[in-house]
Amino acid sequence: MAFGSSTSRATGKHRGGSRLSRKTAGIAGIAALATTGVVGTLAAPAFAADNNSSVPQDTGLNNVVVADELAGDIETQAASQQHAAEVAAAKAQAEADAKQKAAEAKRLAEAKAKAEREAKERAEREEERKRLNTFVSPLDDSYVSTSYGAGGGMWSSGSHTGIDFHAASGTSVRAVGAGVIVEAGWGGAYGNNVVIKHNDGTYTQYAHLSSLSVSAGQQVTPGQQIGLSGNTGNSSGAHLHFEARTGASYGSDIDPVAYLRSHGVRV
């Protein structure tokens, strides 16, 4: 017979292969690409076409991308926090340094002020010490009219136990040095008189005063007024009788001119 067996089926060139055959071929193609090391980027569309679905298939790449983005965000946040912490630490250190510098500057200023204050106090004490140890003349613009040791019947001892300074009545009489008043009042032949014990242990006497400005026990300083010159007691006229002594009593007199000169007073 001219026709073939009914058990065999001719396949025309327009007859398509079965769906299973096409899918198998596709899988085989993907496998072949995989053996060459080429990533099958076309596999997903092929399967999607076969499944006739518009939903994207999960290949695992999406999870990797999300994880990478999350890790990046965490790193960025950590870096930002670290930077903020470093800025805060730098600011705190700067403030601490500024505070320390301010405290040091204050300490130095206080130390300087204290040193200046102490130097000023020392200078004032030294000035006061010098002033208290300074001696002056008992009268301004005067001169010695009768010298020490002059003889004559006017003096009971037969000689002058002091010196007389020329002075009109009422002239201010000054303490020659710092000390304490040991006598202030009537002194017999000396009239109104003042006796001062000085810091160096010596004594001076001022006699024939018309009035007194001090009282016994009072502290006096160099140049302080103690009375006014006059003509009281055994006196032939207004003047100041001045004596220098080693003790408070009569008879312990020393040369008044030499005494004043030894204390820096020009007579």
# chains A, B, ... in the order shown; residues from 1 in each chain; ligands from 1

$ residues_around --residues "Ser235 in chain A" --least-positions-apart "6" --cutoff "9 Å" --atoms "only C-alpha atoms" --output "VMD selection string"
chain A and resid 154 189 to 191 208

$ select_by_dssp --residues "range 185-267 of chain A" --states "alpha helix (DSSP H)" --output "count of residues only"
7

$ closest_atom_pairs --of "range 142-221 of chain A" --to "range 254-259 of chain A" --cutoff "7 Å" --atoms "only C-alpha atoms" --output "tab-separated table"
residue	atom	partner	partner_atom	distance
A:Tyr148	CA	A:Asp255	CA	6.3
A:Gly162	CA	A:Pro256	CA	6.3
A:Ile163	CA	A:Pro256	CA	6.7

$ atom_distance --atom1 "CA of Pro222 in chain A" --atom2 "CA of Ala167 in chain A"
19.4 Å

$ residues_around --residues "Val136 in chain A" --least-positions-apart "3" --cutoff "7 Å" --atoms "only C-alpha atoms" --output "ChimeraX atom specification"
/A:176-177,222-223,265

$ residues_around --residues "Asp140 in chain A" --least-positions-apart "3" --cutoff "12 Å" --atoms "only C-alpha atoms" --output "JSON, numbers by chain"
{"A": [136, 137, 143, 144, 165, 166, 167, 168, 171, 172, 173, 174, 175, 176, 223, 225, 240, 265, 266, 267]}

$ atom_distance --atom1 "CA of Tyr203 in chain A" --atom2 "CA of Glu243 in chain A"
8.2 Å

$ closest_residue --among "A:Ser229, A:Glu128, A:Glu183, A:Thr161" --to "Arg245 in chain A" --atoms "only C-alpha atoms"
A:Thr161

$ atom_distance --atom1 "CA of Gly247 in chain A" --atom2 "CA of Gly217 in chain A"
16.3 Å

$ closest_residue --among "A:Ile196, A:Gly251, A:Ala184, A:Gln218" --to "Ser157 in chain A" --atoms "only C-alpha atoms"
A:Gly251

$ closest_residue --among "A:Asn199, A:Gln81, A:Gln93, A:Glu75" --to "Arg129 in chain A" --atoms "only C-alpha atoms"
A:Asn199

$ closest_residue --among "A:Gln82, A:Asn133, A:Gln224, A:Asn193" --to "Phe242 in chain A" --atoms "only C-alpha atoms"
A:Asn193
